[in-house]
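Below is one structure, written out as structure tokens; the observations come after it.
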Amino acid sequence: MTRILLSRMEAHPSDSHTLARYEATGGYAPLRKALGMAPEDIVAEVKAANLRGRGGASFPCGVKWGFLAPAEPRYLVINADESEPGTFKDRQLLERDPHQLLEGIIISSFALGVHHAFVYVRGEYPRPARRIQAAIDEAYAAGYLGADVAGSGYSLDVTVHLGGGAYICGEETALLNSLEGRRGEPRIKPPFPAVEGLYAKPTIVNNVETISNIPWIVEHGGAAYDAIGPEGSRGTKLFSLSGHVRKPGNYELVMGMSWREMIYDIGGGIRDGNALKAWIPGGASAPWFVEEHLDTPVTIDDIASNLSMIGSGAIVVMDETTCMVKAALRVVRFFSHESCGQCTPCREGTTWLQQVLTRLEAGDGRDIDLDLLLDISDNISPGLAWPPGMTTICPLGPSAVSPITSLAKYFKDEVVAHVHEGGCPLA
Amino acid sequence: MPSQPDLVTFTVDGKEAQVPAGTLLIEAVKAAGVHIPHFCYHPRMKPVGMCRMCLVQVEGPRGMMLGTSCTMPVTEGMVVHTDTDTVAKAQEGVLEFLLLNHPLDCPVCDRGGECPLQDQTMAAGPGESRFVEEKRHYPKPIPISDLVLLDRERCILCARCTRFSDEISGDPLIEFKDRGNATQVNTFPDEPFASYFSGNTVQICPVGALTATPYRFRARPWDLEAVESTCPHCSVGCRISVQASRNEALRFLGVDNGPVNQGWLCDKGRFGFEFLNSGDRLDTPLVRDEDGDLVEASWAEALDRAAAGLSAAAAEGPGRLAGLGGARSTNEEAYAFGRFVRETLGSNHLDAQLGDGLDPRVLAGITPRAAIDDLERARTVLVWAPDLKEELPVLYLRVRRAATELGANLVVVHPRATGLDPVATHTLRYRPGAGTEMLRRLADGSGDLAAVRAALDEGPVVAIIGRPGLGDDPRLAEAVMAFAAGLPDAAVLPVTRRSNVYGAADMGLAPTLLPGRVANDAPGRDAAGILEGLASGDLGGLVLLGSDPATDYVEPQQAAAALDAAGFTVAIDLFLTPSAAKADVVLPALGFAETEGTVTNLEGRVQKVNRLLPGPGSARPAHEILEDLARRMGGSIGAASAEALAAEIAGTAPAYAGITWEALSWGAGREGIVAPGPEGSQPLAVAPEDHAPPPAARDLVLHQARVLYDRGTLTQAGPSLAKLAKEPAAYVHPEDATRFGIKAGAAVRLTGSGGSAELPVVLDPSLVAGTVYVPLHLGAALGAGLEISMEAVT
């Protein structure tokens with residue numbers, strides 16, 4: 001069983017978050033190694049690792065780093081605003097192995113020429129925030145942070161900032177606005193953060209899991225990381241498995257298995273011996289998969305070629321007792337509630353979708369409502385294609401479209417039944 | 001010289017066009033005759049791409065890309081489509097989304113008939129709604145200030161108003177609150193939208209969400225008549241549209257004159273139209289009867305009385321008569337007034353100012369004078385002048401833009417904090433009377449002023465110079481101008497507030513000037529000298545043209561006494577001001593929007609004012625009144641019509657050569673023409689010298705300066721602005737408060753050179769200790785003297 005991220009917490013569940021345990025298990029040795037390397041060589045190792053971003057977009061980490069503009073100062077911001085329904089992997093990394101993340105932050109900052117890094121933690125994550133702050137305090141005391149990192153002369157400060165409870169602040173430019181004290185609203189891109197980010201300075205925004213991989217990559221080399229897993233999906237990935245499976249939880253896995261293995265072996269199968277109906281393969285924004293996808297491989301590129309996405313690795317499994325109209329409503333209601341309200345199609349469109357679905361679910365649907373839902377969706381995400389087009393500023397609006405297109409594609413009969421039977425036939 | 005931006009060629013809907021590189025697509029397509037609908041985009045604010053109405057398709061390496069044309073700069077070879085099915089569907093979708101929660105109460109909405117959302121819906125919207133759900137509901141309009149109401153149901157959340165307040169005016173008192181479908185514009189708790197510029201948000205609101213109390217439910221746009229004109233409230237000369245219905249002025253709107261106001265107005269200008277409709281306007285001549293009361297009279301009777309009285313005084317000898325006023329008149333009226341005083345009354349005692357401004361030769365003759373638009377290119381701006389936000393608000397906006405958007409250094413020198421301080425690079429404070437010392441230290445630039453001096457040495461420099469308050473000698477301002485003129489690539493703008501005071505100086509309404517910026521070799525008396533002469537009996541009579549020295553002269557009580565002592569006085573005015581009330585004959589004049597002519601702003605820009613309203617009763621244009629008087633006194637000033645006067649000015653006043661009504665009415669001339677005009681005649685060159693008095697040690701000195709909303713005649717004549725004038729107060733430095741044993745809110749008695757007043761104390765740490773600030777024209781008349789005594793009232 002390949003372990004990169006969870007080994008320490010699995011071996012030492014009681015104190016894996018402490019500096020003592022971290023150092024006793026080899027922690028901060030990669031940092032010392034990195035401080036002896038040229039920063040560009042560290043970037044080269046990360047590029048060679050083919051580590052893809054774990055926040056949802058799967059953008060190659062080393063390539064992103066390569067976009068960082070030369071202006072000073074520059075910042076590294078860790079996106080710990082994990083808020084998508086069904087996603088709970090970063091929480092575990094923050095709570096159980098915060099020094100692993102912190103070491104990744106220090107190495108990455110050194111590699112990128114950053115002297116101030118920020119960790120933006122979801123407002124509803126007080127314990128993870130306390131744990132990463134405690135780790136930072138320990139690191140300052142031990143000389144891993146501050147004016148002279150581990151005696152190298154390199155200086156770095158790390159600041160933890162707790163969000164105010166808005167999902168949209170997980171969108172990197174909304175996060176930066178929030179960090180600056182503004183409303184958490186996504187910015188128009190370009191410019192991208194790597195050119196004009198925090199305080200209009202070059203900024204790299206990376207996910208917790210992505211950066212938690214960095215110490216291992218520095219210790220073992222990019223090539224070693226690149227040797228794990230199938231091409232395009234190197235390394236290990238944390239999956240948050242939830243819903244109607246027998247064994248929900250976080251799993252660190254080498255990708256490439258089939259969905260059947262994921263759900264029936266790793267997840268232990270469907271609860272109560274029920275039949276599988278559908279699953280969300282990569283977080284609430286991802287189009288749903290159904291039985292026909294069971295034997296397709298779980299890799300970043302295979303999921304994409306089957307017109308969905310791995311996202312942050314949140315898998316939500318739904319069994320035969322699930323009302324799909326209600327499921328769609330739940331997802332749409334989430335996005336409508338979390339829309340920042342800045343741009344028209346998202347603010348108005350997601351709310352309208354929610355209103356129509358609410359009516360359908362309550363048995364007040366009309367025959368034209370499915371077409372209406374699709375046309376509203378088309379005005380948020382033109383062409384209803386994958387990857388989605390958008391009339392919006394950021395992808396939150398189109399995220400609300402995924403359950404609608406999934407509903408229309410696989411469960412049209414269920415929608416029609418809601419209209420004709422005046423409510424859910426399963427109820 | 002500004003460098004010529006590179007041109008790029010692009011294609012829109014198959015048509016090729018060229019625009020400067022960096023132009024936003026939404027503007028660039030206009031070059032090809034294409035219009036893209038939009039709501040949140042405003043050409044004078046940074047684009048935000050929020051409403052999404054301006055979506056277009058651009059050909060890219062990965063196919064056609066949908067994007068907002070307000071956020072995309074044009075690049076070479078860009079291929080843009082605004083007419084595809086995809087674009088049409090996206091735009092129609094956005095419009096439908098915007099209409100979902102819009103109340104569609106157009107029949108009762110003030111914006112109906114001139115509403116971008118309504119227009120776009122009529123042009124391209126759906127015939128009926130697919131929305132059968134419940135709309136968003138909020139309580140109908142909530143007042144967010146004394147002047148502005150907000151209807152959140154109509155709001156389409158375009159952020160024009162919030163961006164204006166933050167970016168342009170710098171008082172971010174309105175902001176979005178809540179999120180998503182519950183997002184709404186609102187004020188902060190207990191903080192009203194008390195901005196001097198709030199009316200601009202009403203004008204740029206693309207729906208009827210923001211309405212202003214003076215115009216609400218007063219008219220429908222299609223019932224309005226309009227003319228373009230120039231705001232009459234200060235010397236910036238903002239371009240406006242005067243709008244009226246059934247001969248009643250109903251609103252002023254800002255017109256985007258690029259070199260001047262860029263579309264913005266201050267609230268005093270915008271809502272200051274109400275004086276035109278005031279029931280207190282003079283509508284018939286008045287003459288003093290045997291009992292000493294002013295009684296209504298016919299024009300013939302009044303003119304006969306006036307001519308007889310003036311002729312009698314004139315017969316006592318040369319130079320027995322004087323004229324005050326003209327700083328609020330048109331150039332044509334001012335020119336006629338000059339001819340009347342000089343030719344008919346045979347006098348050189350003539351002043352448009354009342355001791356509160358600058359030397360008229362400076363107003364007319366500083367070269368090279370800065371243009372407002374020089375601020376767009378300035379590296380450094382020096383403001384040693386009245387608080388621009390209080391006195392010349394739209395100039396404040398332009399300076400603020402230079403300091404924020406354009407990154408210029410801004411140095412503000414003033415006796416206390418000003419509206420520009422929050423965006424200033426350096427702020428310097430001094431006690432009135434110690435300005436010369438301040439200037440010497442600034443010029444020296446050593447010690448703690450080294451950084452300020454270094455900023456001033458970065459050109460081009462625009463120096464905006466005037467008298468920060470009454471306690472500052474006009475000659476100090478001249479010394480500052482002389483200093484500033486020596487800064488690198490410097491242009492100096494001498495500033496004073498009264499609306500057409502520059503035009504009046506150019507028309508020769510000054511003891512030292514003749515029309516067209518020509519020196520008068522036989523100077524007469526200025527305002528101080530005239531009032532002194534009236535009081536002593538050296539002068540026998542006075543003609544006032546829209547001038548109220550009993551209120552506006554720096555020593556109002558002196559002026560009132562002089563008018564009481566005057567042998568014979570004729571007042572030509574819009575209102576029975578305290579000064580007019582002392583006259584022997586009062587002649588009602590037509591005012592702004594009731595006459596046609598030109599005015600000249602502080603940069604020397606001549607602009608047209610136009611006629612829309614008939615005016616009250618039998619009121620007449622001032623030049624006609626003056627011509628009739630002249631004829632009764634056995635002469636003529638040749639004022640057959642305002643247009644004839646304009647032609648005479650353009651033909652004889654050197655600086656105004658070629659600036660005709662015709663030239664100002666079409667094409668580029670609508671932006672106004674900066675004198676010297678097309679003929680390029682040489683203006684009077686005045687090199688101000690350092691002849692400011694040395695500072696004197698005094699215990700307490702008085703700083704008096706105007707505030708935007710005061711008890712001035714025009715402000716008080718309209719209900720909307722009248723209520724905004726605050727009660728007077730004494731602003732005392734905390735150290736002085738401690739020294740005198742007084743607390744904030746306590747009462748003090750201040751006694752100055754011209755009066756005494758009991759005022760509540762406001763602590764003001766932005767003053768230099770030893771200075772007391774009292775706002776002018778709020779009811780406390782203390783006189784112009786620098787020294788003041790203060791005692792606690794128990």
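Naming works like this for the structure tokens: A, B, ... for the chains as they're shown, residue 1 at the start of each chain, ligands 1 onward in shown order.
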
Inset, instruction - For chain B, work out the contacting residues on chain A at 7 Å, counting only C-alpha atoms, and write them as number ranges by chain. - result: A: 336-345, 347-349, 351, 355, 379, 391

Residues as selected, C-alpha atoms, written as a PDB file, in the first residue's frame, can you do that?
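Dumped everything to part.pdb:
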```pdb
ATOM      1  CA  SER A 336     -27.549  28.977  -5.216  1.00  0.00           C
ATOM      2  CA  HIS A 337     -26.929  29.582  -1.534  1.00  0.00           C
ATOM      3  CA  GLU A 338     -23.212  29.945  -2.101  1.00  0.00           C
ATOM      4  CA  SER A 339     -23.394  32.159  -5.208  1.00  0.00           C
ATOM      5  CA  CYS A 340     -21.575  35.377  -4.405  1.00  0.00           C
ATOM      6  CA  GLY A 341     -24.242  37.320  -6.280  1.00  0.00           C
ATOM      7  CA  GLN A 342     -21.775  39.302  -8.296  1.00  0.00           C
ATOM      8  CA  CYS A 343     -22.700  38.230 -11.805  1.00  0.00           C
ATOM      9  CA  THR A 344     -26.188  37.976 -13.180  1.00  0.00           C
ATOM     10  CA  PRO A 345     -26.414  34.447 -14.636  1.00  0.00           C
ATOM     11  CA  ARG A 347     -27.083  34.972  -9.007  1.00  0.00           C
ATOM     12  CA  GLU A 348     -30.388  34.820 -10.863  1.00  0.00           C
ATOM     13  CA  GLY A 349     -29.940  31.547 -12.743  1.00  0.00           C
ATOM     14  CA  THR A 351     -31.866  30.670  -7.801  1.00  0.00           C
ATOM     15  CA  GLN A 355     -37.119  27.472  -7.525  1.00  0.00           C
ATOM     16  CA  ASN A 379     -27.890  30.469 -20.397  1.00  0.00           C
ATOM     17  CA  THR A 391     -21.537  33.231 -19.257  1.00  0.00           C
TER      18      THR A 391
END
```

Excluding A:Asn250 and its own-chain neighbours fewer than 2 positions away, which residues fall within 9 Å of it when counting only C-alpha atoms? Please give them as a ChimeraX atom specification. /A:88-89,92,238-242,248,252

**Report entry** Contacts of stretch 314-324 of chain B at 6 Å (only C-alpha atoms; same-chain gap of 3+ positions) as an MDAnalysis selection string
**Finding:** chainID B and resid 311 347 349:352 539:544

Margin query: What's around A:Tyr225 at 7 Å? Count only C-alpha atoms, leave out sequence neighbours fewer than 3 positions away in its own chain, and write the answer as a ChimeraX atom specification.
Written below: /A:49,217,221-222,228,234-235

Atoms to include: N, CA, C and O atoms. Write the selected residues as a PDB file, in the first residue's frame.
```
ATOM      1  N   ALA A  49       7.871  15.678 -11.150  1.00  0.00           N
ATOM      2  CA  ALA A  49       6.957  14.787 -10.434  1.00  0.00           C
ATOM      3  C   ALA A  49       5.616  14.647 -11.145  1.00  0.00           C
ATOM      4  O   ALA A  49       4.877  13.694 -10.919  1.00  0.00           O
ATOM      5  N   ILE A 217       8.240  14.719  -2.268  1.00  0.00           N
ATOM      6  CA  ILE A 217       8.850  14.883  -3.592  1.00  0.00           C
ATOM      7  C   ILE A 217      10.294  15.358  -3.449  1.00  0.00           C
ATOM      8  O   ILE A 217      11.196  14.876  -4.151  1.00  0.00           O
ATOM      9  N   GLY A 221      12.636  12.744  -4.674  1.00  0.00           N
ATOM     10  CA  GLY A 221      12.869  13.174  -6.047  1.00  0.00           C
ATOM     11  C   GLY A 221      11.604  13.128  -6.877  1.00  0.00           C
ATOM     12  O   GLY A 221      10.715  12.293  -6.641  1.00  0.00           O
ATOM     13  N   GLY A 222      11.522  14.019  -7.860  1.00  0.00           N
ATOM     14  CA  GLY A 222      10.351  14.092  -8.720  1.00  0.00           C
ATOM     15  C   GLY A 222      10.135  12.812  -9.502  1.00  0.00           C
ATOM     16  O   GLY A 222       9.001  12.375  -9.712  1.00  0.00           O
ATOM     17  N   ILE A 228       4.906   6.623  -9.632  1.00  0.00           N
ATOM     18  CA  ILE A 228       3.730   6.059  -8.949  1.00  0.00           C
ATOM     19  C   ILE A 228       2.474   6.386  -9.771  1.00  0.00           C
ATOM     20  O   ILE A 228       2.272   7.520 -10.180  1.00  0.00           O
ATOM     21  N   ARG A 234      -0.284  10.875 -11.573  1.00  0.00           N
ATOM     22  CA  ARG A 234       0.838  10.365 -10.771  1.00  0.00           C
ATOM     23  C   ARG A 234       0.624  10.601  -9.286  1.00  0.00           C
ATOM     24  O   ARG A 234      -0.134  11.460  -8.872  1.00  0.00           O
ATOM     25  N   GLY A 235       1.379   9.834  -8.518  1.00  0.00           N
ATOM     26  CA  GLY A 235       1.332   9.974  -7.072  1.00  0.00           C
ATOM     27  C   GLY A 235       0.106   9.301  -6.483  1.00  0.00           C
ATOM     28  O   GLY A 235      -0.537   8.465  -7.129  1.00  0.00           O
TER      29      GLY A 235
END
```

Assign secondary structure with DSSP using the backbone only, and return the residues of stretch 481-726 of chain B in strand (DSSP E) as a PyMOL selection string. chain B and resi 490-495+513-514+518-519+541-545+568-573+585-588+597-600+605-609+673-674+701-705

| request: Please identify all polymer residues within 12 Å of B:Glu27, counting only C-alpha atoms, omitting same-chain residues fewer than 2 positions from it, and present them as number ranges by chain. | output: B: 12, 17-25, 29-38, 41-44, 47, 54, 69-74

Keeping only N, CA and C atoms, write the selected residues to a file as a compact mmCIF listing (two decimals), in the first residue's frame.
```
# COMPACT_ATOMS: atom_id res chain seq x y z
N VAL B 12 -14.61 43.20 -36.40
CA VAL B 12 -15.84 42.92 -35.67
C VAL B 12 -16.97 42.72 -36.67
N ALA B 17 -11.52 47.54 -38.28
CA ALA B 17 -11.43 48.87 -37.68
C ALA B 17 -10.10 49.01 -36.97
N GLN B 18 -9.71 50.26 -36.76
CA GLN B 18 -8.45 50.56 -36.07
C GLN B 18 -8.74 51.39 -34.83
N VAL B 19 -8.14 51.00 -33.74
CA VAL B 19 -8.29 51.76 -32.49
C VAL B 19 -6.94 51.75 -31.76
N PRO B 20 -6.75 52.68 -30.81
CA PRO B 20 -5.51 52.63 -30.02
C PRO B 20 -5.41 51.32 -29.24
N ALA B 21 -4.21 50.77 -29.17
CA ALA B 21 -3.99 49.54 -28.42
C ALA B 21 -4.48 49.73 -26.99
N GLY B 22 -5.07 48.70 -26.44
CA GLY B 22 -5.53 48.77 -25.05
C GLY B 22 -6.97 49.21 -24.92
N THR B 23 -7.58 49.70 -26.01
CA THR B 23 -8.98 50.11 -25.94
C THR B 23 -9.84 48.89 -25.60
N LEU B 24 -10.79 49.09 -24.71
CA LEU B 24 -11.69 47.99 -24.38
C LEU B 24 -12.60 47.71 -25.58
N LEU B 25 -12.86 46.43 -25.77
CA LEU B 25 -13.65 45.99 -26.92
C LEU B 25 -14.98 46.74 -27.02
N VAL B 29 -15.55 48.68 -30.63
CA VAL B 29 -16.48 48.30 -31.70
C VAL B 29 -17.26 49.49 -32.23
N LYS B 30 -17.33 50.57 -31.43
CA LYS B 30 -18.03 51.76 -31.90
C LYS B 30 -17.36 52.31 -33.16
N ALA B 31 -16.04 52.09 -33.27
CA ALA B 31 -15.32 52.55 -34.46
C ALA B 31 -15.85 51.86 -35.72
N ALA B 32 -16.45 50.69 -35.55
CA ALA B 32 -17.02 49.98 -36.69
C ALA B 32 -18.54 50.13 -36.72
N GLY B 33 -19.05 51.04 -35.91
CA GLY B 33 -20.48 51.28 -35.91
C GLY B 33 -21.29 50.20 -35.22
N VAL B 34 -20.64 49.42 -34.35
CA VAL B 34 -21.33 48.34 -33.66
C VAL B 34 -21.62 48.78 -32.23
N HIS B 35 -22.82 48.47 -31.76
CA HIS B 35 -23.19 48.79 -30.37
C HIS B 35 -23.37 47.50 -29.60
N ILE B 36 -22.78 47.43 -28.42
CA ILE B 36 -22.95 46.26 -27.56
C ILE B 36 -23.72 46.70 -26.31
N PRO B 37 -24.85 46.04 -26.03
CA PRO B 37 -25.64 46.45 -24.85
C PRO B 37 -24.87 46.18 -23.56
N HIS B 38 -25.12 47.00 -22.57
CA HIS B 38 -24.41 46.83 -21.29
C HIS B 38 -25.17 47.56 -20.19
N TYR B 41 -21.11 48.41 -17.19
CA TYR B 41 -19.99 49.17 -17.76
C TYR B 41 -20.31 50.66 -17.81
N HIS B 42 -19.37 51.48 -17.36
CA HIS B 42 -19.48 52.93 -17.48
C HIS B 42 -18.11 53.45 -17.90
N PRO B 43 -18.06 54.24 -18.96
CA PRO B 43 -16.75 54.59 -19.51
C PRO B 43 -15.85 55.36 -18.55
N ARG B 44 -16.40 55.95 -17.51
CA ARG B 44 -15.56 56.70 -16.57
C ARG B 44 -15.20 55.91 -15.33
N PRO B 47 -13.89 48.77 -15.40
CA PRO B 47 -14.86 47.72 -15.73
C PRO B 47 -14.83 46.59 -14.71
N CYS B 54 -22.74 42.35 -21.91
CA CYS B 54 -21.93 42.70 -23.08
C CYS B 54 -21.14 41.51 -23.60
N SER B 69 -17.15 42.06 -23.26
CA SER B 69 -16.41 43.03 -24.07
C SER B 69 -15.96 44.23 -23.26
N CYS B 70 -16.51 44.40 -22.04
CA CYS B 70 -16.09 45.53 -21.22
C CYS B 70 -14.80 45.25 -20.48
N THR B 71 -14.37 43.99 -20.47
CA THR B 71 -13.14 43.67 -19.73
C THR B 71 -12.01 43.23 -20.65
N MET B 72 -12.29 43.14 -21.97
CA MET B 72 -11.26 42.66 -22.89
C MET B 72 -10.64 43.80 -23.70
N PRO B 73 -9.36 44.06 -23.53
CA PRO B 73 -8.71 45.04 -24.39
C PRO B 73 -8.51 44.45 -25.79
N VAL B 74 -8.62 45.30 -26.79
CA VAL B 74 -8.44 44.84 -28.16
C VAL B 74 -6.96 44.56 -28.42
```

Among stretch 415-467 of chain B, which residues does DSSP mark as helix (DSSP H, G or I) when it is run on the backbone? Keep the chain and numbering as in the structure and answer as number ranges by chain. B: 421-423, 435-444, 447-456

Would you export the selected residues with N, CA, C and O atoms as a compact mmCIF listing (two decimals), in the first residue's frame, please?
```txt
# COMPACT_ATOMS: atom_id res chain seq x y z
N ASP B 421 -7.05 65.18 1.68
CA ASP B 421 -5.99 64.61 2.51
C ASP B 421 -5.90 63.09 2.45
O ASP B 421 -4.79 62.55 2.42
N PRO B 422 -7.05 62.36 2.44
CA PRO B 422 -6.92 60.90 2.43
C PRO B 422 -6.17 60.34 1.22
O PRO B 422 -5.66 59.23 1.29
N VAL B 423 -6.09 61.09 0.13
CA VAL B 423 -5.37 60.58 -1.04
C VAL B 423 -4.09 61.36 -1.29
O VAL B 423 -3.45 61.19 -2.34
N GLY B 435 1.61 81.72 6.64
CA GLY B 435 1.75 81.08 5.35
C GLY B 435 3.07 81.39 4.68
O GLY B 435 3.66 80.55 3.98
N THR B 436 3.57 82.61 4.88
CA THR B 436 4.83 82.99 4.25
C THR B 436 5.97 82.14 4.78
O THR B 436 6.84 81.69 4.03
N GLU B 437 5.92 81.91 6.10
CA GLU B 437 6.94 81.06 6.71
C GLU B 437 6.84 79.63 6.15
O GLU B 437 7.83 79.00 5.82
N MET B 438 5.60 79.16 6.02
CA MET B 438 5.38 77.83 5.45
C MET B 438 5.97 77.75 4.04
O MET B 438 6.65 76.78 3.68
N LEU B 439 5.70 78.79 3.26
CA LEU B 439 6.20 78.82 1.89
C LEU B 439 7.73 78.84 1.87
O LEU B 439 8.36 78.16 1.06
N ARG B 440 8.31 79.64 2.78
CA ARG B 440 9.77 79.73 2.81
C ARG B 440 10.36 78.34 3.13
O ARG B 440 11.30 77.89 2.48
N ARG B 441 9.75 77.66 4.11
CA ARG B 441 10.26 76.33 4.47
C ARG B 441 10.08 75.34 3.32
O ARG B 441 10.93 74.49 3.07
N LEU B 442 8.95 75.46 2.63
CA LEU B 442 8.68 74.55 1.51
C LEU B 442 9.67 74.78 0.38
O LEU B 442 10.21 73.84 -0.21
N ALA B 443 9.93 76.05 0.09
CA ALA B 443 10.87 76.38 -0.98
C ALA B 443 12.27 75.91 -0.61
O ALA B 443 13.03 75.41 -1.44
N ASP B 444 12.60 76.07 0.67
CA ASP B 444 13.91 75.66 1.17
C ASP B 444 14.03 74.13 1.10
O ASP B 444 15.05 73.59 0.67
N GLY B 447 15.26 69.42 5.90
CA GLY B 447 14.71 68.74 7.07
C GLY B 447 13.50 67.90 6.73
O GLY B 447 13.52 67.13 5.75
N ASP B 448 12.43 68.07 7.53
CA ASP B 448 11.27 67.21 7.34
C ASP B 448 10.49 67.55 6.08
O ASP B 448 9.55 66.84 5.73
N LEU B 449 10.85 68.62 5.41
CA LEU B 449 10.15 68.95 4.16
C LEU B 449 10.91 68.48 2.92
O LEU B 449 10.50 68.75 1.79
N ALA B 450 12.01 67.77 3.13
CA ALA B 450 12.83 67.33 1.98
C ALA B 450 12.03 66.42 1.05
O ALA B 450 12.08 66.58 -0.18
N ALA B 451 11.25 65.51 1.64
CA ALA B 451 10.49 64.58 0.81
C ALA B 451 9.41 65.32 0.03
O ALA B 451 9.12 65.00 -1.13
N VAL B 452 8.80 66.31 0.67
CA VAL B 452 7.76 67.09 -0.01
C VAL B 452 8.38 67.86 -1.18
O VAL B 452 7.86 67.87 -2.30
N ARG B 453 9.51 68.46 -0.90
CA ARG B 453 10.18 69.24 -1.95
C ARG B 453 10.59 68.32 -3.11
O ARG B 453 10.48 68.68 -4.28
N ALA B 454 11.04 67.12 -2.75
CA ALA B 454 11.44 66.18 -3.81
C ALA B 454 10.24 65.83 -4.69
O ALA B 454 10.36 65.73 -5.92
N ALA B 455 9.05 65.66 -4.06
CA ALA B 455 7.85 65.37 -4.85
C ALA B 455 7.53 66.54 -5.77
O ALA B 455 7.19 66.35 -6.95
N LEU B 456 7.69 67.77 -5.25
CA LEU B 456 7.37 68.95 -6.06
C LEU B 456 8.35 69.12 -7.21
O LEU B 456 8.05 69.78 -8.20
```

So which one's closest to A:Gly243, A:Ile393, A:Ile280, A:Ala224, A:Leu373? Using only C-alpha atoms, please.
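Of A:Ile393, A:Ile280, A:Ala224, A:Leu373, the one nearest A:Gly243, counting only C-alpha atoms, is A:Ile280.
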